[in-house]
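The structure file model.cif is reproduced below (mmCIF, C-alpha atoms).
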```cif
data_input
#
loop_
_atom_site.label_atom_id
_atom_site.label_comp_id
_atom_site.auth_asym_id
_atom_site.auth_seq_id
_atom_site.Cartn_x
_atom_site.Cartn_y
_atom_site.Cartn_z
CA MET L 11 -3.79 327.99 86.10
CA THR L 12 -0.69 329.37 87.78
CA GLU L 13 -0.21 325.98 89.39
CA THR L 14 -0.09 324.27 86.03
CA VAL L 15 2.39 326.82 84.74
CA LEU L 16 4.58 326.39 87.83
CA ASP L 17 4.34 322.62 87.48
CA ILE L 18 5.40 322.70 83.85
CA LEU L 19 8.22 325.13 84.63
CA SER L 20 9.49 323.00 87.49
CA TRP L 21 9.38 319.86 85.35
CA ILE L 22 11.36 321.60 82.64
CA LEU L 23 13.97 322.60 85.22
CA LEU L 24 14.10 319.10 86.75
CA CYS L 25 14.45 317.44 83.34
CA LEU L 26 17.15 319.88 82.25
CA GLY L 27 18.97 319.15 85.52
CA GLY L 28 18.70 315.44 84.78
CA CYS L 29 20.13 316.05 81.31
CA PHE L 30 23.12 317.85 82.78
CA VAL L 31 23.74 314.97 85.20
CA LEU L 32 23.67 312.62 82.21
CA ILE L 33 26.00 314.83 80.15
CA GLY L 34 28.35 315.08 83.12
CA GLY L 35 28.38 311.28 83.32
CA ILE L 36 29.03 310.94 79.59
CA GLY L 37 31.81 313.50 79.93
CA ALA L 38 33.43 311.62 82.80
CA LEU L 39 33.57 308.57 80.54
CA ARG L 40 34.61 310.31 77.31
CA LEU L 41 37.22 312.77 78.53
CA PRO L 42 40.72 311.36 78.43
CA SER L 43 42.46 312.25 81.70
CA PHE L 44 42.03 312.90 85.40
CA TYR L 45 42.06 316.68 85.18
CA THR L 46 39.74 316.90 82.19
CA ARG L 47 37.29 314.53 83.87
CA LEU L 48 37.09 316.93 86.80
CA HIS L 49 35.45 319.40 84.42
CA ALA L 50 32.70 316.93 83.59
CA ALA L 51 32.14 316.36 87.30
CA SER L 52 31.78 320.07 87.89
CA LEU L 53 29.01 320.15 85.29
CA THR L 54 26.98 317.76 87.44
CA GLU L 55 28.03 319.47 90.61
CA THR L 56 27.13 323.02 89.62
CA MET L 57 24.64 323.28 86.77
CA ALA L 58 22.63 320.18 87.62
CA THR L 59 22.48 321.20 91.28
CA LEU L 60 21.16 324.64 90.37
CA LEU L 61 18.51 323.34 87.97
CA ILE L 62 17.27 320.48 90.14
CA PHE L 63 17.06 322.62 93.25
CA ALA L 64 15.27 325.41 91.36
CA GLY L 65 12.77 322.82 90.13
CA MET L 66 12.25 321.41 93.63
CA MET L 67 11.79 324.90 95.06
CA LEU L 68 9.04 325.59 92.54
CA GLN L 69 7.36 322.36 93.65
CA ALA L 70 7.62 323.33 97.32
CA GLY L 71 6.14 326.78 96.79
CA LEU L 72 6.40 329.55 99.36
CA SER L 73 7.18 327.50 102.46
CA LEU L 74 9.86 326.67 104.96
CA ALA L 75 10.80 323.73 102.72
CA THR L 76 11.84 326.18 99.99
CA LEU L 77 14.05 328.03 102.42
CA LYS L 78 15.66 324.77 103.49
CA LEU L 79 16.16 323.76 99.86
CA ALA L 80 17.80 327.11 99.14
CA ALA L 81 20.11 326.65 102.13
CA ILE L 82 21.06 323.13 101.03
CA MET L 83 21.75 324.41 97.53
CA VAL L 84 24.03 327.16 98.81
CA PHE L 85 25.89 324.69 101.03
CA LEU L 86 26.36 322.29 98.12
CA LEU L 87 27.61 325.09 95.88
CA LEU L 88 30.05 326.22 98.57
CA THR L 89 31.41 322.78 99.43
CA GLY L 90 31.45 321.28 95.92
CA PRO L 91 34.33 323.38 94.58
CA THR L 92 36.24 322.92 97.83
CA ALA L 93 36.05 319.16 97.40
CA SER L 94 37.09 319.46 93.73
CA TYR L 95 40.04 321.60 94.75
CA ALA L 96 41.05 319.10 97.45
CA LEU L 97 40.95 316.29 94.89
CA ALA L 98 42.83 318.22 92.19
CA ASN L 99 45.40 319.59 94.60
CA ALA L 100 46.00 316.14 96.11
CA ALA L 101 46.69 314.82 92.62
CA LEU L 102 49.04 317.71 91.87
CA GLN L 103 50.89 317.39 95.19
CA SER L 104 51.46 313.69 94.63
CA GLY L 105 53.28 314.52 91.41
CA MET L 106 50.62 314.12 88.74
CA ARG L 107 51.32 316.88 86.24
CA PRO L 108 48.42 317.79 83.98
CA LYS L 109 49.06 317.08 80.31
CA ALA L 110 48.19 320.55 79.20
CA GLY L 111 49.52 323.45 77.22
CA ARG L 112 50.63 326.56 79.05
CA LEU L 113 49.33 329.94 78.19
CA ASP L 114 52.29 332.14 77.41
CA GLY L 115 50.51 335.44 76.95
CA SER L 116 51.71 337.11 80.11
CA PHE L 117 50.22 339.75 82.27
CA GLU L 118 52.12 342.36 84.26
CA GLY L 119 55.15 341.02 86.07
CA GLU L 120 54.56 337.44 85.06
CA GLN L 121 57.64 335.22 85.14
CA THR L 122 56.97 331.63 84.30
CA MET P 23 53.58 325.23 118.85
CA SER P 24 53.36 328.91 118.18
CA ASP P 25 52.75 328.22 114.49
CA ILE P 26 49.44 326.53 115.19
CA SER P 27 48.20 329.14 117.60
CA PHE P 28 48.79 331.73 114.89
CA GLN P 29 46.76 329.61 112.50
CA ARG P 30 43.90 329.44 114.97
CA GLY P 31 43.96 333.08 115.84
CA LYS P 32 42.62 334.85 118.86
CA ALA P 33 38.87 334.55 119.24
CA LEU P 34 37.16 337.45 120.93
CA PRO P 35 34.40 336.38 123.34
CA LEU P 36 31.93 338.58 121.48
CA GLN P 37 32.70 336.92 118.12
CA VAL P 38 32.34 333.47 119.63
CA ALA P 39 29.05 334.40 121.28
CA GLY P 40 27.78 335.82 118.01
CA LEU P 41 28.66 332.67 116.10
CA LEU P 42 27.10 330.42 118.76
CA LEU P 43 23.93 332.49 118.73
CA ALA P 44 23.65 332.51 114.94
CA LEU P 45 24.25 328.75 114.74
CA MET P 46 21.73 327.99 117.50
CA ALA P 47 19.12 330.25 115.88
CA SER P 48 19.48 328.47 112.53
CA TRP P 49 19.27 325.06 114.24
CA LEU P 50 16.04 326.04 116.00
CA LEU P 51 14.54 327.58 112.87
CA TRP P 52 15.35 324.66 110.61
CA SER P 53 14.62 321.86 113.02
CA GLY P 54 11.29 323.21 114.27
CA ILE P 55 11.05 320.36 116.79
CA TYR P 56 11.65 321.41 120.37
CA LYS P 57 12.20 318.11 122.23
CA PRO P 58 15.00 317.87 124.82
CA LEU P 59 16.88 315.26 122.80
CA LEU P 60 16.95 317.39 119.64
CA LEU P 61 17.78 320.54 121.57
CA GLY P 62 20.66 318.69 123.21
CA LEU P 63 21.91 317.44 119.85
CA GLY P 64 21.61 320.98 118.55
CA LEU P 65 23.65 322.39 121.39
CA PHE P 66 26.30 319.72 120.86
CA SER P 67 26.49 320.45 117.10
CA VAL P 68 26.67 324.18 117.66
CA VAL P 69 29.53 323.93 120.16
CA LEU P 70 31.36 321.41 117.95
CA SER P 71 30.96 323.67 114.89
CA ALA P 72 32.21 326.71 116.78
CA TRP P 73 35.22 324.76 118.04
CA LEU P 74 36.04 323.49 114.55
CA ALA P 75 35.62 327.01 113.16
CA GLN P 76 38.05 328.32 115.74
CA ARG P 77 40.52 325.53 114.93
CA MET P 78 40.30 326.42 111.23
CA GLY P 79 41.09 330.07 111.89
CA PHE P 80 37.57 331.35 111.27
CA PHE P 81 38.04 334.21 113.71
CA ARG P 82 41.33 335.22 112.16
CA HIS P 83 39.66 336.19 108.89
CA PRO P 84 36.72 338.40 109.69
CA ILE P 85 34.45 339.08 106.73
CA SER P 86 32.89 342.50 106.78
CA LEU P 87 29.13 342.74 106.95
CA ARG P 88 29.11 345.13 104.00
CA ALA P 89 30.85 342.57 101.82
CA LEU P 90 28.17 340.04 102.79
CA LEU P 91 25.48 342.48 101.69
CA ARG P 92 27.15 342.88 98.29
CA LEU P 93 27.41 339.10 97.86
CA PRO P 94 24.06 338.65 96.01
CA ALA P 95 25.23 340.92 93.16
CA TYR P 96 28.43 338.85 92.85
CA TRP P 97 26.39 335.64 92.86
CA GLY P 98 24.21 337.03 90.07
CA TRP P 99 27.24 337.58 87.87
CA LEU P 100 28.65 334.18 88.83
CA LEU P 101 25.36 332.50 87.88
CA GLN P 102 25.60 333.99 84.37
CA GLU P 103 29.14 332.70 84.02
CA VAL P 104 28.14 329.25 85.28
CA VAL P 105 25.28 328.97 82.79
CA LYS P 106 27.45 330.14 79.89
CA SER P 107 30.36 327.82 80.66
CA SER P 108 28.04 324.88 81.42
CA LEU P 109 26.54 325.11 77.96
CA ASP P 110 30.05 325.34 76.49
CA VAL P 111 31.28 322.25 78.33
CA ALA P 112 28.10 320.30 77.54
CA ARG P 113 28.52 321.13 73.85
CA ILE P 114 32.16 320.01 73.92
CA ILE P 115 31.30 316.73 75.63
CA LEU P 116 28.53 315.94 73.17
CA THR P 117 30.58 316.83 70.08
CA PRO P 118 31.83 313.55 68.57
CA SER P 119 35.34 314.88 67.90
CA LEU P 120 35.71 316.02 71.55
CA PRO P 121 37.36 319.38 70.75
CA ILE P 122 39.30 319.95 73.96
CA SER P 123 42.62 321.76 74.34
CA PRO P 124 43.62 321.40 78.02
CA THR P 125 45.55 324.43 79.16
CA THR P 126 46.93 325.52 82.50
CA VAL P 127 47.18 329.16 83.35
CA GLU P 128 48.62 331.01 86.29
CA LEU P 129 46.60 333.95 87.53
CA PRO P 130 47.21 336.65 90.13
CA ALA P 131 44.71 336.52 92.98
CA ALA P 132 44.79 340.31 93.12
CA THR P 133 43.43 340.29 96.65
CA SER P 134 45.24 340.53 99.93
CA THR P 135 42.77 338.63 102.09
CA GLU P 136 42.62 334.89 102.47
CA ALA P 137 38.82 334.94 102.29
CA GLY P 138 39.10 336.74 98.95
CA ARG P 139 41.43 334.07 97.59
CA VAL P 140 39.04 331.34 98.70
CA ILE P 141 36.09 333.07 97.03
CA LEU P 142 38.08 333.55 93.84
CA GLY P 143 39.41 329.98 93.71
CA ASN P 144 35.99 328.53 94.44
CA SER P 145 34.28 330.76 91.89
CA ILE P 146 36.68 329.58 89.19
CA THR P 147 36.17 325.95 90.17
CA LEU P 148 32.41 326.42 90.31
CA SER P 149 32.29 327.44 86.64
CA PRO P 150 32.49 324.24 84.59
CA GLY P 151 35.53 324.09 82.33
CA THR P 152 37.93 325.70 84.79
CA VAL P 153 39.31 324.14 87.98
CA THR P 154 41.71 325.76 90.44
CA ILE P 155 44.35 323.13 91.14
CA ASP P 156 46.87 325.04 93.24
CA VAL P 157 47.12 328.19 95.30
CA HIS P 158 50.54 329.42 96.39
CA GLY P 159 51.02 332.87 97.79
CA ASP P 160 48.81 335.14 95.74
CA ARG P 161 48.93 333.04 92.56
CA LEU P 162 46.33 330.57 91.40
CA LEU P 163 47.10 327.70 89.06
CA VAL P 164 44.01 326.93 86.99
CA HIS P 165 43.39 323.98 84.70
CA CYS P 166 41.09 324.78 81.78
CA LEU P 167 39.33 322.40 79.45
CA THR P 168 39.91 324.64 76.45
CA ARG P 169 42.41 327.28 75.47
CA GLU P 170 39.57 329.73 74.94
CA SER P 171 38.40 329.49 78.54
CA ALA P 172 41.99 330.04 79.70
CA LEU P 173 42.21 333.17 77.56
CA GLU P 174 38.93 334.35 79.03
CA LEU P 175 40.28 333.90 82.57
CA LYS P 176 43.28 336.01 81.59
CA GLU P 177 40.97 338.98 81.27
CA LEU P 178 40.72 338.89 85.08
CA GLU P 179 37.03 339.80 85.14
CA ALA P 180 36.50 337.67 88.27
CA GLN P 181 39.29 339.54 90.05
CA ARG P 182 37.69 342.88 89.23
CA ARG P 183 34.29 341.71 90.49
CA LEU P 184 35.90 340.39 93.64
CA ALA P 185 37.68 343.69 94.28
CA ARG P 186 34.36 345.46 93.97
CA LEU P 187 32.87 342.97 96.42
CA GLU P 188 35.60 343.54 98.98
CA LEU P 189 35.98 347.31 98.81
CA GLY P 190 33.52 348.94 96.41
#
```

In structure tokens, what does this structure look like?
Amino acid sequence: MTETVLDILSWILLCLGGCFVLIGGIGALRLPSFYTRLHAASLTETMATLLIFAGMMLQAGLSLATLKLAAIMVFLLLTGPTASYALANAALQSGMRPKAGRLDGSFEGEQT
Amino acid sequence: MSDISFQRGKALPLQVAGLLLALMASWLLWSGIYKPLLLGLGLFSVVLSAWLAQRMGFFRHPISLRALLRLPAYWGWLLQEVVKSSLDVARIILTPSLPISPTTVELPAATSTEAGRVILGNSITLSPGTVTIDVHGDRLLVHCLTRESALELKELEAQRRLARLELG
């Protein structure tokens, strides 16, 4: 009984993760510029990673495999943003200014 | 060059030994196969990792054990934010009119440690819809998919959570 419930739950998580990968892909195609496409990529990188790994951990049950999956997930979540930052910062450093509005509402001591 | 040696920092023997031990323990635990070849590869990886860590200034920025213990609470909050913003971004992408309003915003890091700035920048990038694109001094330049998410960042909630993580 519990096994069936866990199975169903893990399939829901895996399918949702797949959906987010798909949406991320659609976003990467639909969004208009380099910087906005990064946001679509981070959807795949973060949300899909979380959901798919949670689903896989439910499949693995209480075992060493689950611990390894958790570790891999944490490593992916730590390195993903670092890679995104490297990419975005490389673009910025090479002179690609984002076509974006600036937020003028300033906080204490802000001079822009 | 003196500049580089500052970057690398002085590594205390005890810190190095601790890192080596922790790395070797995780290798043994996760590999679970105790053949000479794999043990040798493990030893090589551990020494290489420790050397790279030293080169990157790992020992210059010690993270307190107490902050590590408070990390799960921070991750819990971050998870909420990630789920919320993921749904937002997914909705925007799937809306036919693609209602984006790209905005850049400059935020104070509000933390004095380099580790704190890294955690903050990575947390912002981790949440879909906001990407840190530059860090200079204690300011972060963040690119947001919508004006609303930029306004939300301006409330500096992440900075407050981070301060609680570091000192609390």

> Please, which residues of chain P lie no more than 9 Å from chain L when the count uses all atoms listed in the file, and can they be set out as an MDAnalysis selection string?
Replying inline: chainID P and resid 52 104:105 108 111:112 114:116 120 122:130 140 143:157 165:167 169 172:173 176

Box for segment 110-122 of chain P: with edges along x, y and z, all listed atoms inside and 8 Å added on each side, what are the centre and edge lengths in Å to one decimal, as lines of an AutoDock Vina configuration file?
```
center_x = 33.7
center_y = 319.4
center_z = 73.1
size_x = 27.2
size_y = 27.8
size_z = 26.4
```

>> Please determine, counting only C-alpha atoms, which residue among P:Phe66, P:Leu43, P:Leu142, P:Leu59 has the shortest atom-to-atom distance to Tyr96 of chain P.
In response: P:Leu142

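The list of residues with at least one atom within 12 Å of segment 67-73 of chain P, based on all atoms listed in the file and without residues fewer than 6 positions apart in the same chain, reads Arg30, Ala33, Pro35, Gln37, Val38, Ala39, Gly40, Leu41, Leu42, Leu43, Ala44, Leu45, Met46, Ala47, Ser48, Trp49, Leu50, Leu60, Leu61, Gly79, Phe80 and Phe81 of chain P.
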
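Proximity to Ala132 of chain P was assessed for P:Gln102, P:Ser53, P:Gln76, P:Gln181 counting all atoms listed in the file; the smallest distance is recorded for P:Gln181.
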
> To one decimal place, how far is atom CA of Met78 of chain P from atom CA of Leu163 of chain P in Å?
Replying inline: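 These atoms are spaced 23.2 Å apart.
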
> L:Leu23, L:Phe44, L:Leu32, L:Met83: which is nearest Arg107 of chain L, counting all atoms listed in the file?
Replying inline: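 Smallest separation from Arg107 of chain L among the options: L:Phe44.
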
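Our summary of the geometry notes that atom CA of Ala131 of chain P is positioned 6.4 Å from atom CA of Leu162 of chain P.
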
> Could you work out how far atom CA of Leu86 of chain L lies from atom CA of Thr59 of chain L, giving the answer in Å with one decimal?
Replying inline: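 Atom-to-atom, atom CA of Thr59 of chain L to atom CA of Leu86 of chain L, that is 7.9 Å.
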
> What residues come out when you apply the PyMOL selection byres ((chain P and resi 99) around 12) to this file, written as a ChimeraX atom specification?
Replying inline: /P:92-98,100-106,145,149,179-180,182-184,187

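Excluding Met67 of chain L and any residue on its chain fewer than 6 positions from it, the residues at most 8 Å away by all atoms listed in the file are L:Ala75, L:Thr76, L:Leu79, L:Ala80.
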